[in-house]
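One structure is given here, and the rest of the page talks about it.
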Amino acid sequence: MTKDRTRKRKIRAEMAVTGLAYNNAAATFDAHEVPDAGHQPPAGVPMADDPLGLGDGTELFTAPLMVVTMLPPGAEGLAAAQVIADAVDYLVDPAAGWYRAYAEVYGPRPTRESGMAPLAGHRPGMLLVQVSARRRWTTGNLHDFLRDAAVAILAALAARYPEITERHVAVQALRMESAEQVVSGEPEPTARTDQAHPSLRNNHLLRKGTGEQETADEVSYPFRLVDAHDRGWFAVGAAIYRCAGAEQHGAEPASLEDLKSERGPLRPVVPASEHDLDRLRAAFADAGPKAVASLLVALYRVAREHAEGEYERSGRMQSGRLYAGGEDNWETVAMRSLIWGLGVDLADKPRRLHGVMMDVVRDVVDGWVTPSSDVYVEVANNITEAFQTAAAAAGGWQALADEHFRIGARFAHSKNSVEAAHAWLMGQPPAADG
């Protein structure tokens, strides 16, 4: 389990700096093993030939990253800034060894809506990280530098806050102009790498402007939004948003005001209410072994209904309504694949379905994504939040999945399908014995 979570964390770092979908990022990650980095030279990793970048042809470069994570309240949560700053002191190039870097961190800044799975006793916070290193820069090693920093940051947060999983933290590479927007109201960073090499200090150029601007402490804005066209956007700066599928949709970053005027009304992505989660938990428990099949069919029918509605409006038999709150998350990708695969196949097998449970799922999910609401609730992560609690209370996967979802069982679904369903709903691959 620990090894699997570590792999997921590193794949998410790859996603953060490449924009790749989960499966593609996983393939890239599997091509090379990236050791963790930290505030000490990582054991077993050699020093790079020029760890300070003092040779000919090197240049100091600063790149901004946005970190959004669930944090505990009070001083412990505020300590995240220093945790992140110290995490990048030693970074690891898997081909060359460890090298030194430096970071200045702004935040954590509270944000009302993160779209992440809820975590008891924690609140979402946003931090801007400006990380610097001196190297001979190319397009390839710039990508590697951002990945190395993201991996180190995620590892440090997981070590300091064990309750935080890959579902509660995200790292996103920013454009420099977006970073300037974020720090424009903050005169000094919250934290700096405290044991950084002197050659890397005092080189950051983003500082408070001279114009009259609202300070970051006075402004709170949603991390994720869904527009009137069921397309998701996430913050990459102070009220600057990027489309979650920017490359696919050809959408440019936009200000919050432009989004309101051109693509409104906007709905901030918020966690599910405890009332809705309780309804789902109870419905899963009542369905027993029919829960998994019933869930996939219920979501398929809701998704198909919205796709047919979109076809009537625009001629496109496709709708992002169930996916917009997290279409770039692997959980959403997995859910979408499963409901349009197994969900379709199971829809004509009534003996494996629990009608009452399906009605509850339909009612709850429709309420989460309806355009008439002022907010949007991300579907894939919140479904798993309720499912995992129900499974733990009922005795595990076997209590909520019938024999067709057991690897190796007679007439079982394909191994890939079972593993995908288990990984999505339980947060990890199934055990070897099914």
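Numbering starts fresh at 1 for the residues of each chain in the structure tokens, the chains themselves are lettered A, B, ... in the order given, and ligands are numbered from 1 as they appear.
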*Find the spatial neighbours of Thr138 in chain A, counting only C-alpha atoms, within a cut-off of 12 Å - ignore same-chain residues fewer than 4 positions away - and output them as a ChimeraX atom specification.*
/A:57-59,61,134,142-145
*Residue list (alpha helix (DSSP H), DSSP) for range 246-347 of chain A, as an MDAnalysis selection string*: chainID A and resid 246:249 256:263 274:287 291:314 330:339 342:346
*Within 8 Å of Met70 in chain A, counting only C-alpha atoms, which residues qualify if same-chain residues fewer than 6 places away don't, as a PyMOL selection string?*
chain A and resi 119+122-125+164+168-169
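Counting only C-alpha atoms and comparing A:Arg362, A:Lys260, A:Lys290, A:Arg100, the residue that lies closest to Ala196 in chain A is A:Arg100.
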*Among the residues of range 217-415 of chain A, find those DSSP assigns to strand (DSSP E) from the backbone and print them as number ranges by chain.*
A: 224-226, 232-237, 240-243, 254-255, 267-270, 376-377
_List as a VMD selection string the protein and nucleic acid residues near Val365 in chain A, meaning an atom at most 9 Å away when only C-alpha atoms are counted, but skip any in the same chain fewer than 6 places from it._
chain A and resid 299 302 322 377 379 383
_Give me the residues near Ala298 in chain A as a ChimeraX atom specification, where near means some atom within 9 Å (using only C-alpha atoms) and where sequence neighbours in that chain fewer than 2 positions away do not count._
/A:293-296,300-303,339,343,347,357-359,361-362
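The shell of residues at most 9 Å from Asp230 in chain A, with only C-alpha atoms counted and near chain neighbours (fewer than 3 positions) removed, consists of Val226, Asp227, Ser319, Gly320, Arg321, Leu322, Tyr323, Ala324, Gly325, Val369 and Pro371 of chain A.
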Restricting it to N, CA and C atoms, dump the selection as a short mmCIF file (atom, residue, chain, number, x, y, z; two decimals), in the first residue's frame.
```cif
data_model
loop_
_atom_site.label_atom_id
_atom_site.label_comp_id
_atom_site.auth_asym_id
_atom_site.auth_seq_id
_atom_site.Cartn_x
_atom_site.Cartn_y
_atom_site.Cartn_z
N VAL A 226 -16.68 25.55 -12.55
CA VAL A 226 -17.31 24.92 -13.70
C VAL A 226 -18.15 25.99 -14.38
N ASP A 227 -17.99 26.13 -15.71
CA ASP A 227 -18.71 27.18 -16.41
C ASP A 227 -20.06 26.67 -16.92
N SER A 319 -21.23 15.08 -23.17
CA SER A 319 -21.44 16.08 -22.13
C SER A 319 -20.38 15.92 -21.06
N GLY A 320 -19.85 17.04 -20.58
CA GLY A 320 -18.87 17.00 -19.50
C GLY A 320 -19.47 17.20 -18.13
N ARG A 321 -20.80 17.12 -18.03
CA ARG A 321 -21.45 17.52 -16.79
C ARG A 321 -21.03 16.68 -15.58
N LEU A 322 -20.79 15.39 -15.76
CA LEU A 322 -20.39 14.55 -14.63
C LEU A 322 -18.89 14.62 -14.35
N TYR A 323 -18.12 15.25 -15.23
CA TYR A 323 -16.66 15.18 -15.12
C TYR A 323 -15.99 16.54 -14.92
N ALA A 324 -16.75 17.63 -15.09
CA ALA A 324 -16.13 18.96 -15.18
C ALA A 324 -15.39 19.37 -13.92
N GLY A 325 -15.81 18.91 -12.76
CA GLY A 325 -15.16 19.33 -11.52
C GLY A 325 -13.79 18.75 -11.32
N VAL A 369 -24.49 18.19 -9.88
CA VAL A 369 -24.01 18.74 -11.15
C VAL A 369 -25.03 19.62 -11.86
N PRO A 371 -27.05 22.51 -13.48
CA PRO A 371 -26.69 23.90 -13.78
C PRO A 371 -27.49 24.91 -12.98
#
```
*Counting only C-alpha atoms, figure out which residue out of A:Ala48, A:Ala391, A:Ala334, A:Ala191 gets nearest to Ala420 in chain A.*
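When distances to Ala420 in chain A are compared using only C-alpha atoms, the smallest one comes from A:Ala334.
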_Which residue is closest to Val68 in chain A? Choose from A:Ala26, A:Ala120, A:Val151, A:Ala170 and count only C-alpha atoms._
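Among the listed residues, A:Ala170 lies closest to Val68 in chain A.
Across A:Gln388, A:Thr190, A:Asn416, A:Asn329, the tightest approach to Ala25 in chain A is made by A:Asn329 when counting only C-alpha atoms.
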_Closest of A:Ser261, A:Asp86, A:Ala380, A:Leu200 to Ala155 in chain A - atom-to-atom distances counting only C-alpha atoms_ =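 The answer is A:Asp86, which sits nearest to Ala155 in chain A.
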